[in-house]
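Shown here: data24.txt, compact mmCIF, C-alpha atoms and all ligand atoms.
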# COMPACT_ATOMS: atom_id res chain seq x y z
CA MET W 201 -8.60 67.19 -57.37
CA HIS W 202 -11.37 66.58 -59.94
CA SER W 203 -14.76 67.97 -58.99
CA ASN W 204 -16.50 64.64 -59.64
CA THR W 205 -14.30 62.64 -57.27
CA LEU W 206 -14.15 62.41 -53.54
CA PRO W 207 -11.44 64.48 -51.86
CA ASN W 208 -8.08 62.84 -52.45
CA ALA W 209 -6.98 61.00 -49.33
CA SER W 210 -3.42 62.22 -49.84
CA ASP W 211 -4.56 65.85 -49.41
CA SER W 212 -4.55 65.44 -45.66
CA LEU W 213 -0.98 64.11 -45.94
CA ARG W 214 0.34 67.36 -47.32
CA TYR W 215 1.86 70.27 -45.47
CA THR W 216 -0.14 73.49 -45.83
CA THR W 217 0.77 75.59 -48.89
CA PRO W 218 2.38 78.42 -46.84
CA ALA W 219 4.51 75.83 -44.98
CA ILE W 220 5.64 74.33 -48.31
CA ALA W 221 6.40 77.76 -49.80
CA LEU W 222 8.42 78.77 -46.72
CA HIS W 223 10.30 75.44 -46.77
CA TRP W 224 11.52 75.83 -50.37
CA LEU W 225 12.12 79.57 -50.21
CA MET W 226 14.26 79.18 -47.08
CA ALA W 227 16.06 76.15 -48.53
CA TRP W 228 17.30 78.15 -51.55
CA LEU W 229 18.10 81.27 -49.53
CA VAL W 230 20.11 79.22 -47.00
CA LEU W 231 22.14 77.53 -49.74
CA ALA W 232 22.85 80.91 -51.35
CA ALA W 233 23.84 82.47 -47.99
CA TYR W 234 26.12 79.51 -47.23
CA PHE W 235 28.01 79.51 -50.51
CA ILE W 236 28.28 83.30 -50.66
CA GLY W 237 29.55 83.13 -47.04
CA LEU W 238 32.27 80.68 -48.06
CA GLY W 239 33.14 82.55 -51.26
CA MET W 240 33.40 86.03 -49.78
CA GLY W 241 36.07 84.90 -47.31
CA GLU W 242 38.35 84.13 -50.28
CA LEU W 243 38.08 87.63 -51.76
CA PRO W 244 40.65 90.36 -51.13
CA ILE W 245 39.42 93.37 -49.13
CA GLY W 246 37.78 95.71 -51.67
CA PRO W 247 34.44 96.74 -53.20
CA GLU W 248 33.62 93.25 -54.51
CA ARG W 249 34.03 91.72 -51.05
CA ILE W 250 31.94 94.50 -49.45
CA GLN W 251 29.18 93.84 -52.02
CA MET W 252 29.23 90.08 -51.33
CA VAL W 253 29.15 90.61 -47.56
CA GLY W 254 26.17 92.95 -48.13
CA TRP W 255 24.28 90.26 -50.08
CA HIS W 256 25.22 87.69 -47.49
CA LYS W 257 23.77 89.80 -44.70
CA TRP W 258 20.57 90.60 -46.66
CA LEU W 259 20.03 86.93 -47.29
CA GLY W 260 20.77 86.06 -43.66
CA VAL W 261 18.47 88.71 -42.21
CA THR W 262 15.70 87.67 -44.65
CA ILE W 263 16.13 84.08 -43.45
CA ALA W 264 15.72 85.29 -39.86
CA TYR W 265 12.45 87.13 -40.76
CA LEU W 266 11.13 84.09 -42.59
CA TRP W 267 12.12 81.93 -39.62
CA VAL W 268 9.83 83.96 -37.36
CA LEU W 269 6.92 83.58 -39.83
CA ARG W 270 7.64 79.89 -40.20
CA VAL W 271 7.77 79.17 -36.49
CA PHE W 272 4.46 81.02 -35.97
CA TRP W 273 2.93 79.03 -38.81
CA ARG W 274 4.35 75.75 -37.54
CA ALA W 275 3.09 76.41 -34.01
CA SER W 276 -0.44 77.07 -35.26
CA HIS W 277 -0.74 74.34 -37.96
CA GLN W 278 -0.35 70.62 -37.44
CA PRO W 279 2.06 68.93 -39.86
CA PRO W 280 0.64 65.87 -41.67
CA ALA W 281 0.70 62.61 -39.72
CA GLN W 282 3.55 60.13 -40.26
CA PRO W 283 2.75 57.29 -42.66
CA ALA W 284 1.31 54.29 -40.80
CA GLY W 285 3.96 51.80 -39.72
CA THR W 286 6.86 54.26 -39.50
CA PRO W 287 9.20 52.89 -36.78
CA ARG W 288 9.28 55.00 -33.62
CA TRP W 289 13.04 55.52 -33.80
CA GLN W 290 12.69 57.01 -37.28
CA ILE W 291 10.02 59.41 -36.09
CA GLY W 292 12.25 60.32 -33.11
CA ILE W 293 15.29 61.02 -35.32
CA SER W 294 13.27 63.01 -37.84
CA HIS W 295 11.84 65.18 -35.05
CA LEU W 296 15.31 65.72 -33.60
CA VAL W 297 16.78 66.69 -36.99
CA HIS W 298 13.89 69.08 -37.66
CA LEU W 299 14.30 70.68 -34.21
CA LEU W 300 18.05 71.13 -34.76
CA LEU W 301 17.39 72.62 -38.20
CA TYR W 302 15.03 75.18 -36.66
CA ILE W 303 17.56 76.04 -33.92
CA LEU W 304 20.44 76.46 -36.39
CA LEU W 305 18.32 78.46 -38.84
CA ILE W 306 18.00 81.23 -36.23
CA ALA W 307 21.29 80.73 -34.33
CA ILE W 308 23.34 81.31 -37.52
CA PRO W 309 21.79 84.69 -38.46
CA LEU W 310 21.98 85.77 -34.79
CA THR W 311 25.70 84.92 -34.49
CA GLY W 312 26.26 86.72 -37.82
CA TRP W 313 24.54 89.83 -36.49
CA LEU W 314 26.45 89.59 -33.17
CA MET W 315 29.73 89.12 -35.07
CA SER W 316 29.08 92.16 -37.28
CA SER W 317 28.26 94.20 -34.17
CA ALA W 318 31.48 93.09 -32.45
CA LYS W 319 33.44 93.94 -35.62
CA GLY W 320 31.98 97.43 -35.39
CA PHE W 321 30.05 97.10 -38.70
CA THR W 322 26.39 98.05 -38.54
CA THR W 323 24.16 95.66 -40.51
CA ASN W 324 21.98 97.47 -43.03
CA TYR W 325 18.96 95.76 -44.55
CA PHE W 326 18.57 96.35 -48.33
CA GLY W 327 19.47 100.02 -47.82
CA LEU W 328 16.17 100.37 -45.97
CA PHE W 329 17.26 100.57 -42.35
CA ASP W 330 20.08 99.73 -39.96
CA LEU W 331 19.83 96.91 -37.46
CA PRO W 332 20.90 98.02 -33.98
CA ASN W 333 24.40 96.95 -32.92
CA LEU W 334 24.02 94.30 -30.25
CA LEU W 335 27.58 94.48 -28.86
CA ASP W 336 30.36 97.01 -28.38
CA LYS W 337 33.34 96.71 -30.72
CA ASP W 338 35.52 93.83 -29.54
CA LYS W 339 38.00 92.26 -31.97
CA ALA W 340 38.65 89.10 -29.95
CA LEU W 341 34.94 88.44 -29.45
CA ALA W 342 34.30 89.08 -33.17
CA HIS W 343 36.92 86.46 -33.98
CA THR W 344 35.30 83.89 -31.65
CA LEU W 345 31.85 84.66 -33.06
CA LYS W 346 33.18 84.17 -36.58
CA GLU W 347 34.40 80.71 -35.60
CA VAL W 348 31.05 79.89 -33.99
CA HIS W 349 29.10 81.25 -37.01
CA GLY W 350 31.17 79.16 -39.43
CA PHE W 351 30.91 76.06 -37.26
CA LEU W 352 27.11 76.37 -36.95
CA ALA W 353 26.79 76.96 -40.71
CA ASN W 354 28.83 73.82 -41.44
CA SER W 355 26.74 71.86 -38.91
CA LEU W 356 23.60 73.08 -40.68
CA MET W 357 24.93 71.84 -44.01
CA ALA W 358 25.73 68.43 -42.47
CA LEU W 359 22.14 68.19 -41.21
CA VAL W 360 20.79 69.35 -44.58
CA VAL W 361 22.71 66.51 -46.24
CA LEU W 362 21.20 64.05 -43.73
CA HIS W 363 17.74 65.55 -44.30
CA ILE W 364 18.06 65.17 -48.09
CA ALA W 365 19.45 61.64 -47.70
CA ALA W 366 16.39 60.70 -45.62
CA ALA W 367 14.06 62.17 -48.27
CA ILE W 368 15.85 60.16 -51.00
CA LYS W 369 15.69 56.98 -48.87
CA HIS W 370 11.90 57.39 -48.57
CA GLN W 371 11.59 57.94 -52.31
CA VAL W 372 13.94 55.20 -53.56
CA ILE W 373 13.99 52.51 -50.85
CA ASP W 374 10.66 52.84 -49.01
CA LYS W 375 8.89 54.09 -52.17
CA ASP W 376 6.29 55.81 -49.96
CA ASN W 377 6.34 59.09 -51.96
CA LEU W 378 6.84 61.05 -48.75
CA MET W 379 8.29 63.96 -50.74
CA ALA W 380 4.84 64.68 -52.18
CA ARG W 381 3.94 66.13 -48.77
CA MET W 382 6.35 68.99 -49.45
CA ARG W 383 5.42 69.53 -53.13
CA MET W 384 3.63 72.74 -54.07
CA PRO W 385 0.04 71.87 -55.08
CA ARG W 386 -0.58 72.26 -58.79
CA GLN W 387 -3.38 74.57 -59.89
CA GLY W 388 -6.76 73.02 -59.23
CA GLN W 389 -5.34 70.51 -56.76
C1 LIG Z 1 21.30 81.20 -42.45
C2 LIG Z 1 22.00 82.29 -42.60
C3 LIG Z 1 23.51 82.33 -42.74
C4 LIG Z 1 24.39 81.36 -43.19
C5 LIG Z 1 24.06 79.94 -43.70
C6 LIG Z 1 25.73 81.92 -43.08
C7 LIG Z 1 26.91 81.26 -43.43
C8 LIG Z 1 28.18 81.81 -43.38
C9 LIG Z 1 29.40 81.12 -43.74
C10 LIG Z 1 29.50 79.67 -44.24
C11 LIG Z 1 30.43 81.99 -43.57
C12 LIG Z 1 31.92 81.71 -43.80
C13 LIG Z 1 32.53 81.31 -42.46
C14 LIG Z 1 34.01 81.06 -42.57
O1 LIG Z 1 34.62 81.35 -43.60
O2 LIG Z 1 34.55 80.58 -41.57
C15 LIG Z 1 29.87 83.25 -43.10
C16 LIG Z 1 30.62 84.38 -42.82
C17 LIG Z 1 30.06 85.59 -42.41
N1 LIG Z 1 28.75 85.84 -42.09
FE1 LIG Z 1 27.22 84.54 -42.30
N2 LIG Z 1 25.63 83.20 -42.57
C18 LIG Z 1 24.31 83.50 -42.37
C19 LIG Z 1 23.78 84.69 -41.86
C20 LIG Z 1 24.51 85.85 -41.56
C21 LIG Z 1 23.96 87.09 -41.06
C22 LIG Z 1 22.48 87.37 -40.78
C23 LIG Z 1 25.01 87.96 -40.90
C24 LIG Z 1 25.02 89.40 -40.43
C25 LIG Z 1 23.98 90.13 -40.16
C26 LIG Z 1 26.21 87.26 -41.29
C27 LIG Z 1 27.49 87.81 -41.29
C28 LIG Z 1 28.63 87.16 -41.69
C29 LIG Z 1 29.93 87.81 -41.78
C30 LIG Z 1 30.25 89.28 -41.46
C31 LIG Z 1 30.82 86.82 -42.23
C32 LIG Z 1 32.31 87.00 -42.60
C33 LIG Z 1 33.23 86.88 -41.50
C34 LIG Z 1 34.61 87.25 -42.02
O3 LIG Z 1 35.02 86.75 -43.08
O4 LIG Z 1 35.24 88.04 -41.36
N3 LIG Z 1 25.88 85.97 -41.68
N4 LIG Z 1 28.51 83.10 -42.97
Turn this file's structure into structure tokens for me.
Amino acid sequence: MHSNTLPNASDSLRYTTPAIALHWLMAWLVLAAYFIGLGMGELPIGPERIQMVGWHKWLGVTIAYLWVLRVFWRASHQPPAQPAGTPRWQIGISHLVHLLLYILLIAIPLTGWLMSSAKGFTTNYFGLFDLPNLLDKDKALAHTLKEVHGFLANSLMALVVLHIAAAIKHQVIDKDNLMARMRMPRQGQ
């Protein structure tokens, strides 16, 4: 914003800077966790696989921490209003997709942690501390939790694709520049 102009009307249409930073940070961490998760399953048992699983868990636990921060922030800060004239059904669907994204973003790390506990592997965070084991060792349960974890992760990716498709539709078809709401402010803006 230039000092000699009135405040830019679009400023009130932006998410707050911490919300934007958390959105993009989590987006990249989730993609990394997902593709490492898929890749590590292909590796033979050995040091490389153990290293990948370690990174996967660090990423996943970090996502869970950030989720807590994000939900606190979201609960205490109003998101920008929808552009005037947005059909009610579109607002309804976008709210539903966002709610499901929030639910999956915590359900996936939790099922990962439960699965590791049931496998009998303690989850360590960056070599700093161990997370408590939530379950006793149970091979059959670990197997079920693995299926659930993978299914939820694939569901998350399907929703992410829908979410990105909606953002592109706004940009290309509606041309309402909705994506600017989630763009980090440039210095001085
Ligand atoms: C948003 C965060 C996460 C995402 C997107 C994610 C995604 C995935 C995916 C796609 C797989 C492969 C599933 C399959 O091959 O069927 C996987 C496997 C796995 N995940 Fe996660 N995960 C996340 C968080 C976590 C956390 C926090 C933990 C543990 C603390 C964890 C532990 C595991 C383990 C142990 C496996 C391997 C299971 C096996 O091959 O036996 N994940 N994850």
Selection as a JSON list (two decimals) with C-alpha atoms, in the coordinates of the input: residues within 8 Å of ligand LIG 1 (chain Z) by all atoms listed in the file:
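Wrote it out as out16.json, contents follow:
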[["chain", "number", "residue", "atom", "x", "y", "z"],
["W", 229, "LEU", "CA", 18.10, 81.27, -49.53],
["W", 230, "VAL", "CA", 20.11, 79.22, -47.00],
["W", 231, "LEU", "CA", 22.14, 77.53, -49.74],
["W", 232, "ALA", "CA", 22.85, 80.91, -51.35],
["W", 233, "ALA", "CA", 23.84, 82.47, -47.99],
["W", 234, "TYR", "CA", 26.12, 79.51, -47.23],
["W", 235, "PHE", "CA", 28.01, 79.51, -50.51],
["W", 236, "ILE", "CA", 28.28, 83.30, -50.66],
["W", 237, "GLY", "CA", 29.55, 83.13, -47.04],
["W", 238, "LEU", "CA", 32.27, 80.68, -48.06],
["W", 239, "GLY", "CA", 33.14, 82.55, -51.26],
["W", 240, "MET", "CA", 33.40, 86.03, -49.78],
["W", 241, "GLY", "CA", 36.07, 84.90, -47.31],
["W", 253, "VAL", "CA", 29.15, 90.61, -47.56],
["W", 256, "HIS", "CA", 25.22, 87.69, -47.49],
["W", 257, "LYS", "CA", 23.77, 89.80, -44.70],
["W", 258, "TRP", "CA", 20.57, 90.60, -46.66],
["W", 259, "LEU", "CA", 20.03, 86.93, -47.29],
["W", 260, "GLY", "CA", 20.77, 86.06, -43.66],
["W", 261, "VAL", "CA", 18.47, 88.71, -42.21],
["W", 262, "THR", "CA", 15.70, 87.67, -44.65],
["W", 263, "ILE", "CA", 16.13, 84.08, -43.45],
["W", 264, "ALA", "CA", 15.72, 85.29, -39.86],
["W", 304, "LEU", "CA", 20.44, 76.46, -36.39],
["W", 305, "LEU", "CA", 18.32, 78.46, -38.84],
["W", 306, "ILE", "CA", 18.00, 81.23, -36.23],
["W", 308, "ILE", "CA", 23.34, 81.31, -37.52],
["W", 309, "PRO", "CA", 21.79, 84.69, -38.46],
["W", 310, "LEU", "CA", 21.98, 85.77, -34.79],
["W", 311, "THR", "CA", 25.70, 84.92, -34.49],
["W", 312, "GLY", "CA", 26.26, 86.72, -37.82],
["W", 313, "TRP", "CA", 24.54, 89.83, -36.49],
["W", 314, "LEU", "CA", 26.45, 89.59, -33.17],
["W", 315, "MET", "CA", 29.73, 89.12, -35.07],
["W", 316, "SER", "CA", 29.08, 92.16, -37.28],
["W", 323, "THR", "CA", 24.16, 95.66, -40.51],
["W", 343, "HIS", "CA", 36.92, 86.46, -33.98],
["W", 346, "LYS", "CA", 33.18, 84.17, -36.58],
["W", 347, "GLU", "CA", 34.40, 80.71, -35.60],
["W", 349, "HIS", "CA", 29.10, 81.25, -37.01],
["W", 350, "GLY", "CA", 31.17, 79.16, -39.43],
["W", 351, "PHE", "CA", 30.91, 76.06, -37.26],
["W", 353, "ALA", "CA", 26.79, 76.96, -40.71],
["W", 354, "ASN", "CA", 28.83, 73.82, -41.44],
["W", 356, "LEU", "CA", 23.60, 73.08, -40.68]]
Original post:
How many Å lie between atom CA of W:Tyr215 and atom CA of W:Pro279, rounded to one decimal?
Top reply: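 Answer for the atom CA of W:Tyr215 to atom CA of W:Pro279 separation: 5.8 Å.
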Subject >> Proximity to W:Ala221 - best of W:Leu266, W:Leu359, W:Leu331, W:Ile245, only C-alpha atoms >> reply: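 Of the candidates, the smallest distance to W:Ala221 is held by W:Leu266.
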Original post:
Please, which residues are within 10 Å of (30.6, 96.4, -37.0) by the file's coordinates, counting only C-alpha atoms, and could they come as JSON, numbers by chain?
Top reply: {"W": [313, 314, 315, 316, 317, 318, 319, 320, 321, 322, 323, 333, 334, 335, 336, 337, 338, 339, 342]}
Original post:
Could you work out how far atom CA of W:Ala219 lies from atom CA of W:Leu269, giving the answer in Å with one decimal?
Top reply: 9.6 Å
Original post:
Quick one: of W:Lys369, W:His363, W:Arg381, W:Lys375, who's nearest to W:Ile293, counting only C-alpha atoms?
Top reply: W:His363
Original post:
Restricting the calculation to all atoms listed in the file, which member of W:Met384, W:Ala365, W:Leu352, W:Leu213 is positioned closest to W:Gln278?
Top reply: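 Closest to W:Gln278, using all atoms listed in the file: W:Leu213.
As for atom CA of W:Asp330 and atom CA of W:Gly246, they are spaced 21.6 Å apart.
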**OP:** Tell me which protein, DNA and RNA residues are within 9 Å of stretch 282-290 of chain W, counting all atoms listed in the file, leaving out same-chain ones fewer than 4 positions away, and put them as a PyMOL selection string.
**Re:** chain W and resi 213+294-295+376+378
Include C-alpha atoms and write out the residues we just selected as a PDB file, keeping the file's coordinate frame.
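Below is the file out_36.pdb, written as the result:
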ATOM      1  CA  LEU W 213      -0.980  64.110 -45.940  1.00  0.00           C
ATOM      2  CA  SER W 294      13.270  63.010 -37.840  1.00  0.00           C
ATOM      3  CA  HIS W 295      11.840  65.180 -35.050  1.00  0.00           C
ATOM      4  CA  ASP W 376       6.290  55.810 -49.960  1.00  0.00           C
ATOM      5  CA  LEU W 378       6.840  61.050 -48.750  1.00  0.00           C
TER       6      LEU W 378
END
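Considering the residues W:Ala367, W:Ile220, W:Val361, W:Leu328 and counting only C-alpha atoms, W:Met382 has its shortest atom-to-atom contact with W:Ile220.
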